[in-house]
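Chemist: Data: my_file01.cif, mmCIF, C-alpha atoms.
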data_target
loop_
_atom_site.label_atom_id
_atom_site.label_comp_id
_atom_site.auth_asym_id
_atom_site.auth_seq_id
_atom_site.Cartn_x
_atom_site.Cartn_y
_atom_site.Cartn_z
CA LYS A 1 -48.62 -8.50 -16.57
CA PRO A 2 -46.56 -7.41 -13.55
CA ALA A 3 -47.60 -8.81 -10.22
CA SER A 4 -48.42 -6.46 -7.40
CA SER A 5 -49.15 -6.56 -3.70
CA ALA A 6 -51.78 -4.81 -1.58
CA PRO A 7 -49.36 -2.49 0.27
CA GLY A 8 -47.77 -1.52 -3.01
CA LEU A 9 -51.12 -0.74 -4.59
CA ALA A 10 -52.21 1.30 -1.58
CA LEU A 11 -49.16 3.52 -1.98
CA GLY A 12 -49.44 3.62 -5.75
CA TRP A 13 -46.18 1.68 -6.28
CA PRO A 14 -46.11 -1.16 -8.83
CA VAL A 15 -44.53 -4.23 -7.36
CA THR A 16 -42.78 -6.54 -9.82
CA PRO A 17 -41.25 -9.94 -9.19
CA ARG A 18 -37.56 -9.97 -8.60
CA SER A 19 -35.79 -10.56 -11.90
CA ALA A 20 -33.03 -13.06 -12.57
CA ALA A 21 -30.66 -10.17 -13.25
CA GLY A 22 -31.47 -8.70 -9.85
CA ARG A 23 -30.81 -12.00 -8.11
CA LYS A 24 -27.52 -12.35 -9.98
CA THR A 25 -26.49 -8.83 -8.98
CA GLY A 26 -27.31 -9.59 -5.35
CA LEU A 27 -25.28 -12.80 -5.47
CA TYR A 28 -22.30 -10.98 -6.98
CA SER A 29 -22.57 -8.31 -4.28
CA VAL A 30 -22.51 -10.90 -1.50
CA LEU A 31 -19.57 -12.70 -3.10
CA GLY A 32 -17.78 -9.38 -3.51
CA ILE A 33 -18.21 -8.52 0.17
CA ILE A 34 -16.97 -11.97 1.18
CA GLY A 35 -13.97 -11.57 -1.13
CA VAL A 36 -13.11 -8.15 0.30
CA ILE A 37 -13.26 -9.50 3.86
CA TYR A 38 -11.23 -12.60 2.96
CA PHE A 39 -8.45 -10.85 1.06
CA GLY A 40 -8.43 -8.01 3.58
CA GLY A 41 -7.79 -10.60 6.29
CA ILE A 42 -4.96 -12.13 4.26
CA SER A 43 -3.49 -8.66 3.73
CA TYR A 44 -3.62 -7.99 7.47
CA MET A 45 -1.93 -11.32 8.22
CA TYR A 46 0.93 -10.70 5.78
CA SER A 47 1.27 -7.10 6.97
CA GLU A 48 1.61 -8.30 10.56
CA MET A 49 4.25 -10.85 9.50
CA ILE A 50 6.23 -8.10 7.76
CA ALA A 51 5.90 -5.80 10.77
CA GLN A 52 7.11 -8.50 13.16
CA ALA A 53 10.08 -9.19 10.90
CA MET A 54 10.99 -5.50 10.91
CA LEU A 55 10.70 -5.34 14.70
CA LEU A 56 13.01 -8.34 15.03
CA ALA A 57 15.60 -6.88 12.67
CA ARG A 58 15.14 -3.36 14.08
CA GLY A 59 14.50 -2.30 10.52
CA PRO A 60 12.32 0.55 9.26
CA MET A 61 8.60 -0.07 9.56
CA THR A 62 8.22 1.84 6.29
CA ALA A 63 9.22 -1.39 4.51
CA LEU A 64 5.70 -2.59 5.28
CA LEU A 65 4.11 0.31 3.42
CA SER A 66 6.57 0.02 0.55
CA ILE A 67 5.89 -3.69 0.01
CA MET A 68 2.12 -3.38 0.30
CA MET A 69 2.05 -0.44 -2.10
CA ALA A 70 4.04 -2.50 -4.60
CA ALA A 71 1.63 -5.40 -4.08
CA SER A 72 -1.30 -3.05 -4.78
CA CYS A 73 0.30 -1.83 -8.01
CA LEU A 74 1.05 -5.41 -9.09
CA LEU A 75 -2.52 -6.48 -8.36
CA ILE A 76 -3.88 -3.55 -10.40
CA LEU A 77 -1.59 -4.40 -13.31
CA ILE A 78 -2.56 -8.06 -13.38
CA THR A 79 -6.31 -7.64 -12.89
CA GLY A 80 -6.39 -4.71 -15.31
CA LEU A 81 -4.96 -6.83 -18.10
CA TYR A 82 -8.20 -8.78 -18.08
CA SER A 83 -10.84 -6.13 -17.65
CA ASN A 84 -9.66 -2.60 -18.36
CA GLY A 85 -9.44 -2.91 -22.13
CA ARG A 86 -12.98 -4.28 -22.40
CA ILE A 87 -14.45 -1.81 -19.91
CA LEU A 88 -12.96 1.17 -21.75
CA PHE A 89 -12.94 0.16 -25.41
CA ALA A 90 -15.20 -2.86 -25.91
CA PHE A 91 -18.15 -2.52 -23.55
CA LYS A 92 -21.48 -4.09 -24.46
CA ASP A 93 -23.56 -0.98 -25.31
CA TYR A 94 -20.83 0.89 -27.19
CA ASP A 95 -22.87 1.50 -30.36
CA LEU A 96 -25.90 2.71 -28.38
CA VAL A 97 -23.86 5.02 -26.15
CA MET A 98 -21.89 6.56 -29.00
CA SER A 99 -25.10 7.24 -30.94
CA MET A 100 -26.27 9.53 -28.14
CA PRO A 101 -25.46 13.26 -28.10
CA VAL A 102 -22.46 12.90 -25.78
CA SER A 103 -18.82 13.68 -26.47
CA PRO A 104 -16.10 11.00 -26.58
CA LEU A 105 -14.51 12.79 -23.61
CA THR A 106 -17.64 12.22 -21.52
CA VAL A 107 -17.91 8.56 -22.50
CA SER A 108 -14.24 7.77 -21.99
CA ALA A 109 -14.15 9.68 -18.69
CA SER A 110 -17.13 7.72 -17.36
CA ARG A 111 -15.53 4.40 -18.35
CA ILE A 112 -12.19 5.38 -16.81
CA ALA A 113 -14.03 6.39 -13.63
CA VAL A 114 -15.50 2.87 -13.45
CA ILE A 115 -12.03 1.38 -13.85
CA TYR A 116 -10.61 3.70 -11.18
CA ILE A 117 -13.30 2.68 -8.66
CA TYR A 118 -12.49 -0.99 -9.21
CA GLU A 119 -8.76 -0.42 -8.85
CA LEU A 120 -9.24 1.76 -5.77
CA LEU A 121 -11.16 -1.09 -4.16
CA PHE A 122 -8.25 -3.47 -4.80
CA THR A 123 -5.86 -0.89 -3.38
CA ALA A 124 -7.96 -0.38 -0.26
CA VAL A 125 -8.18 -4.13 0.38
CA LEU A 126 -4.37 -4.27 0.60
CA MET A 127 -3.48 -0.83 1.95
CA VAL A 128 -6.08 -0.33 4.70
CA PRO A 129 -4.96 -3.45 6.65
CA ALA A 130 -1.34 -2.40 6.08
CA PHE A 131 -2.09 1.06 7.50
CA ALA A 132 -3.82 -0.57 10.49
CA VAL A 133 -0.77 -2.72 11.23
CA TYR A 134 1.55 0.25 10.71
CA LEU A 135 -0.44 2.26 13.26
CA ARG A 136 0.04 -0.52 15.82
CA HIS A 137 3.82 -0.48 15.55
CA ALA A 138 4.73 3.10 14.64
CA GLU A 139 4.17 6.45 16.27
CA VAL A 140 2.17 8.78 14.06
CA SER A 141 0.61 12.21 14.38
CA ALA A 142 -2.97 13.19 13.66
CA LEU A 143 -1.94 14.35 10.17
CA PHE A 144 -1.06 10.78 9.23
CA TYR A 145 -4.70 9.88 8.65
CA PRO A 146 -5.63 12.49 6.01
CA VAL A 147 -2.24 12.18 4.29
CA ALA A 148 -2.50 8.38 4.15
CA LEU A 149 -6.04 8.61 2.75
CA ILE A 150 -5.09 11.14 0.07
CA CYS A 151 -2.04 9.12 -0.96
CA MET A 152 -4.05 5.91 -1.12
CA LEU A 153 -6.48 7.59 -3.51
CA ALA A 154 -3.55 8.37 -5.82
CA VAL A 155 -1.85 4.96 -5.66
CA PRO A 156 -3.93 3.32 -8.46
CA LEU A 157 -3.48 6.10 -11.03
CA ILE A 158 -0.12 5.18 -12.60
CA PRO A 159 -0.58 1.37 -12.65
CA LEU A 160 -4.10 1.97 -14.04
CA ILE A 161 -2.55 3.70 -17.06
CA VAL A 162 -0.18 0.83 -17.75
CA SER A 163 -2.74 -1.92 -17.19
CA THR A 164 -5.33 -0.18 -19.40
CA ALA A 165 -2.86 0.28 -22.26
CA LEU A 166 -1.75 -3.36 -22.08
CA GLY A 167 -5.34 -4.49 -21.55
CA ALA A 168 -6.37 -2.75 -24.78
CA LEU A 169 -3.71 -4.71 -26.68
CA ILE A 170 -4.87 -7.99 -25.15
CA THR A 171 -8.49 -7.13 -25.95
CA ALA A 172 -7.53 -6.39 -29.55
CA VAL A 173 -5.71 -9.72 -29.78
CA GLY A 174 -8.76 -11.47 -28.33
CA PHE A 175 -11.04 -9.98 -30.99
CA ARG A 176 -8.71 -10.87 -33.85
CA ALA A 177 -7.75 -14.37 -32.74
CA LYS A 178 -9.96 -15.77 -30.01
CA ARG A 179 -7.87 -18.85 -29.45
CA PHE A 180 -4.70 -16.84 -29.12
CA GLY A 181 -6.43 -14.33 -26.85
CA THR A 182 -7.60 -17.15 -24.57
CA ALA A 183 -4.05 -18.50 -24.45
CA VAL A 184 -2.72 -15.07 -23.46
CA ASN A 185 -5.28 -14.78 -20.67
CA THR A 186 -4.39 -18.27 -19.46
CA LEU A 187 -0.68 -17.40 -19.37
CA ILE A 188 -1.42 -14.24 -17.40
CA THR A 189 -3.45 -16.24 -14.88
CA LEU A 190 -0.66 -18.79 -14.49
CA ALA A 191 1.89 -16.01 -14.05
CA PHE A 192 -0.25 -14.41 -11.34
CA ILE A 193 -0.58 -17.74 -9.50
CA ALA A 194 3.18 -18.31 -9.83
CA VAL A 195 3.93 -14.91 -8.27
CA ILE A 196 1.61 -15.65 -5.33
CA LEU A 197 3.17 -19.08 -4.78
CA PHE A 198 6.67 -17.63 -5.01
CA PHE A 199 6.06 -15.06 -2.29
CA SER A 200 4.18 -17.57 -0.16
CA MET A 201 7.00 -20.12 -0.30
CA SER A 202 9.64 -17.44 0.23
CA MET A 203 8.21 -16.76 3.69
CA ASN A 204 10.86 -18.80 5.44
CA SER A 205 10.22 -20.02 8.98
CA ASP A 206 13.50 -18.44 10.07
CA ALA A 207 12.47 -15.03 11.37
CA ARG A 208 15.90 -13.48 10.90
CA TYR A 209 16.04 -14.66 7.29
CA MET A 210 12.57 -13.28 6.65
CA ALA A 211 13.51 -9.94 8.21
CA ASP A 212 16.50 -9.60 5.90
CA ARG A 213 14.40 -10.48 2.86
CA VAL A 214 11.63 -8.05 3.78
CA GLY A 215 14.03 -5.20 4.47
CA SER A 216 15.87 -5.66 1.19
CA LEU A 217 12.61 -5.97 -0.77
CA GLY A 218 11.24 -2.77 0.74
CA GLY A 219 14.39 -0.87 -0.20
CA TRP A 220 14.37 -2.35 -3.70
CA VAL A 221 10.80 -1.24 -4.33
CA ALA A 222 11.55 2.32 -3.19
CA SER A 223 14.65 2.51 -5.39
CA LYS A 224 13.09 1.05 -8.56
CA TYR A 225 9.71 2.80 -8.41
CA PRO A 226 10.22 6.51 -7.58
CA PRO A 227 6.53 7.17 -6.74
CA ALA A 228 6.84 4.52 -4.01
CA ALA A 229 9.71 6.45 -2.41
CA MET A 230 7.63 9.65 -2.54
CA PHE A 231 4.64 7.82 -1.09
CA ILE A 232 6.66 6.39 1.81
CA LYS A 233 8.28 9.71 2.67
CA ALA A 234 4.96 11.55 2.47
CA VAL A 235 3.10 9.09 4.69
CA SER A 236 5.77 8.20 7.23
CA GLU A 237 7.52 11.58 7.55
CA LEU A 238 4.68 13.88 6.44
CA HIS A 239 7.18 15.39 4.00
CA VAL A 240 5.21 18.04 2.10
CA PRO A 241 7.43 18.20 -1.05
CA SER A 242 7.23 14.41 -1.43
CA LEU A 243 3.47 14.51 -0.93
CA LEU A 244 3.02 17.20 -3.56
CA ALA A 245 5.38 15.48 -5.99
CA PHE A 246 3.57 12.15 -5.61
CA LEU A 247 0.14 13.70 -6.09
CA VAL A 248 1.14 15.98 -8.97
CA ILE A 249 3.01 13.26 -10.91
CA SER A 250 0.19 10.73 -10.45
CA ALA A 251 -2.60 13.19 -11.27
CA ALA A 252 -0.76 14.73 -14.23
CA ALA A 253 0.00 11.35 -15.79
CA PHE A 254 -3.62 10.30 -15.29
CA LEU A 255 -5.06 13.50 -16.81
CA ILE A 256 -2.72 13.31 -19.82
CA PHE A 257 -3.76 9.69 -20.34
CA CYS A 258 -7.47 10.62 -20.18
CA LEU A 259 -7.03 13.47 -22.68
CA LEU A 260 -5.09 11.30 -25.12
CA ILE A 261 -7.72 8.57 -24.91
CA SER A 262 -10.59 11.03 -25.46
CA ARG A 263 -8.99 12.57 -28.54
CA GLY A 264 -8.78 9.28 -30.40
CA TYR A 265 -11.50 7.35 -28.57
CA ARG A 266 -13.66 6.38 -31.54
CA ARG A 267 -10.64 5.38 -33.62
CA ILE A 268 -9.13 3.31 -30.81
CA CYS A 269 -12.43 1.53 -30.14
CA SER A 270 -12.88 0.64 -33.78
CA ARG A 271 -9.32 -0.69 -34.07
CA VAL A 272 -9.55 -2.68 -30.85
CA THR A 273 -12.86 -4.35 -31.71
CA SER A 274 -12.37 -4.83 -35.44
CA PRO A 275 -11.96 -8.54 -36.38
#
As structure tokens, how would this structure be written, given the file I've shared?
Modeler:
Amino acid sequence: KPASSAPGLALGWPVTPRSAAGRKTGLYSVLGIIGVIYFGGISYMYSEMIAQAMLLARGPMTALLSIMMAASCLLILITGLYSNGRILFAFKDYDLVMSMPVSPLTVSASRIAVIYIYELLFTAVLMVPAFAVYLRHAEVSALFYPVALICMLAVPLIPLIVSTALGALITAVGFRAKRFGTAVNTLITLAFIAVILFFSMSMNSDARYMADRVGSLGGWVASKYPPAAMFIKAVSELHVPSLLAFLVISAAAFLIFCLLISRGYRRICSRVTSP
């Protein structure tokens, strides 16, 4: 029998004890907020180090945006390998949801929307501090703010596609061979830690050396990942063709991916989760 309180009864509201699930959700929320603040602070610190290196070398401040965008894409790829496949194809209430009168397009779109929100949060944690540091050291117009916001919303789309496709394969491996799937996840974790340690140790105390490394890395990212070059030109120069190209390519790739997933959603889910 649910417990109730006098104020609740007076207003006609049943008052139930707080459930364990509710307490767990609250704890996760608090930990999530702490994590966002912590990693946002780390992102700001590294962004400031990159900016100072560029000022010393008289290099382009756009290297900061290029590197942090690449870091956002890498973070989405790595974290998505763990979660995206299960969120989209192997979620807990799959049988119940698919028995309802809803189309596979609706179900898959809702799951992809959940993935996008997660990935956008990761992107914001890295990109917002980078934008803040960029504003301190570069002259921008009022149009920078809406353009930067719109571009940031599009940053996760392409890496989301790749991470979800690879995540589905890893999820399928995990269902077929649990030991092997655990080994794959462990290797991915170790690879992620190795990448972080590599970049941390590569931050040499010699400022001139660091400036050269940062400048070359920023140029390498822009040359190897064309959307990054479009993103940088759109945000830093407010170049309309680059802005439109970046948004159209990202949105088109994302929409095509969603349509392809929806057309074979039931079949993909059954193949991914079959033992």
Chemist: Need to verify the contact set: Met98 in chain A, 12 Å, only C-alpha atoms, exclusion of same-chain residues closer than 3 positions in sequence. Can you return it as a VMD selection string?
Modeler: chain A and resid 89 to 95 101 to 108 265 to 266 269 to 270
Chemist: Would you mind telling me which residue in A:Gly80, A:Pro146, A:Gly264, A:Gly167 lies nearest to Ala234 in chain A when using all atoms listed in the file?
Modeler: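 For Ala234 in chain A, the nearest of the given residues is A:Pro146.
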Chemist: At most 12 Å is the cut-off: for each residue in range 26-87 of chain A with any atom that close to an atom of range 229-232 of chain A, write down the nearest atom pair and the distance in Å rounded to one decimal, counting all atoms listed in the file, chain first then increasing number, as a Markdown table.
Modeler:
| residue | atom | partner | partner_atom | distance |
| --- | --- | --- | --- | --- |
| A:Pro60 | CA | A:Ile232 | CA | 11.0 |
| A:Met61 | CA | A:Ile232 | CA | 10.3 |
| A:Thr62 | CA | A:Ile232 | CA | 6.6 |
| A:Ala63 | CA | A:Ile232 | CA | 8.6 |
| A:Leu64 | CA | A:Ile232 | CA | 9.7 |
| A:Leu65 | CA | A:Ile232 | CA | 6.8 |
| A:Ser66 | CA | A:Ile232 | CA | 6.5 |
| A:Ile67 | CA | A:Ile232 | CA | 10.3 |
| A:Met68 | CA | A:Ile232 | CA | 10.9 |
| A:Met69 | CA | A:Phe231 | CA | 8.7 |
| A:Ala70 | CA | A:Ala229 | CA | 10.8 |
Chemist: Skipping near chain neighbours, those fewer than 3 positions away, what residues fall within 10 Å of His137 in chain A using only C-alpha atoms, listed as a PyMOL selection string?
Modeler: chain A and resi 48+51-52+54-55+61+132-134+140
Chemist: Given the file shown, enumerate the residues that the PyMOL selection byres ((chain A and resi 243) around 8) captures and present them as a PyMOL selection string.
Modeler: chain A and resi 151+230-231+233-235+238-242+244-247
Chemist: Let me make sure I understand: among A:Ala168, A:Leu260, A:Ile158, A:Ala113, which one has the smallest atom-to-atom distance to Asn84 in chain A if we use all atoms listed in the file?
Modeler: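 Result for the nearest residue to Asn84 in chain A: A:Ala168.
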Chemist: Please report the interatomic distance between CA of Leu259 in chain A and CA of Ala109 in chain A in Å with one decimal.
Modeler: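 If I compute the distance from CA of Leu259 in chain A to CA of Ala109 in chain A, I get 9.0 Å.
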Chemist: Calculated over all atoms listed in the file, which of the candidates A:Ser250, A:Gly40, A:Ala165, A:Thr79 has the smallest distance to Leu153 in chain A?
Modeler: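 Distance minimum relative to Leu153 in chain A lands on A:Ser250.
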Chemist: If the PyMOL selection byres ((chain A and resi 124) around 12) is run on the structure shown, which residues does it catch, given as a ChimeraX atom specification?
Modeler: /A:36-37,39-40,43-44,68-69,71-73,75-76,116-123,125-132,148-156
Chemist: Let's have the selection written as a JSON list (two decimals), keeping the file's coordinate frame, with C-alpha atoms.
Modeler:
[["chain", "number", "residue", "atom", "x", "y", "z"],
["A", 36, "VAL", "CA", -13.11, -8.15, 0.30],
["A", 37, "ILE", "CA", -13.26, -9.50, 3.86],
["A", 39, "PHE", "CA", -8.45, -10.85, 1.06],
["A", 40, "GLY", "CA", -8.43, -8.01, 3.58],
["A", 43, "SER", "CA", -3.49, -8.66, 3.73],
["A", 44, "TYR", "CA", -3.62, -7.99, 7.47],
["A", 68, "MET", "CA", 2.12, -3.38, 0.30],
["A", 69, "MET", "CA", 2.05, -0.44, -2.10],
["A", 71, "ALA", "CA", 1.63, -5.40, -4.08],
["A", 72, "SER", "CA", -1.30, -3.05, -4.78],
["A", 73, "CYS", "CA", 0.30, -1.83, -8.01],
["A", 75, "LEU", "CA", -2.52, -6.48, -8.36],
["A", 76, "ILE", "CA", -3.88, -3.55, -10.40],
["A", 116, "TYR", "CA", -10.61, 3.70, -11.18],
["A", 117, "ILE", "CA", -13.30, 2.68, -8.66],
["A", 118, "TYR", "CA", -12.49, -0.99, -9.21],
["A", 119, "GLU", "CA", -8.76, -0.42, -8.85],
["A", 120, "LEU", "CA", -9.24, 1.76, -5.77],
["A", 121, "LEU", "CA", -11.16, -1.09, -4.16],
["A", 122, "PHE", "CA", -8.25, -3.47, -4.80],
["A", 123, "THR", "CA", -5.86, -0.89, -3.38],
["A", 125, "VAL", "CA", -8.18, -4.13, 0.38],
["A", 126, "LEU", "CA", -4.37, -4.27, 0.60],
["A", 127, "MET", "CA", -3.48, -0.83, 1.95],
["A", 128, "VAL", "CA", -6.08, -0.33, 4.70],
["A", 129, "PRO", "CA", -4.96, -3.45, 6.65],
["A", 130, "ALA", "CA", -1.34, -2.40, 6.08],
["A", 131, "PHE", "CA", -2.09, 1.06, 7.50],
["A", 132, "ALA", "CA", -3.82, -0.57, 10.49],
["A", 148, "ALA", "CA", -2.50, 8.38, 4.15],
["A", 149, "LEU", "CA", -6.04, 8.61, 2.75],
["A", 150, "ILE", "CA", -5.09, 11.14, 0.07],
["A", 151, "CYS", "CA", -2.04, 9.12, -0.96],
["A", 152, "MET", "CA", -4.05, 5.91, -1.12],
["A", 153, "LEU", "CA", -6.48, 7.59, -3.51],
["A", 154, "ALA", "CA", -3.55, 8.37, -5.82],
["A", 155, "VAL", "CA", -1.85, 4.96, -5.66],
["A", 156, "PRO", "CA", -3.93, 3.32, -8.46]]
Chemist: Could you tell me how far CA of Pro159 in chain A sits from CA of Ile50 in chain A, in Å to one decimal place?
Modeler: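 Computing it gives 23.5 Å between the two atoms.
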Chemist: Would you mind reading off the distance between CA of Val97 in chain A and CA of Cys258 in chain A, one decimal, in Å?
Modeler: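 Distance between the two atoms: 18.3 Å.
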Chemist: With distances taken over all atoms listed in the file, which residue among A:Leu96, A:Ala53, A:Ala138, A:Leu166 lies nearest Ile78 in chain A?
Modeler: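 Answer, going by the shortest atom-to-atom distance: A:Leu166.
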Chemist: Using only C-alpha atoms, which of A:Arg263, A:Gly32, A:Ser236, A:Val162 sits nearest Glu139 in chain A?
Modeler: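 Closest to Glu139 in chain A, using only C-alpha atoms: A:Ser236.
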Chemist: Have a look at A:Met49, A:Ile42, A:Leu74, A:Ser29 and name the one nearest to Val221 in chain A; count all atoms listed in the file.
Modeler: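 Among A:Met49, A:Ile42, A:Leu74, A:Ser29, it is A:Leu74 that comes nearest to Val221 in chain A.
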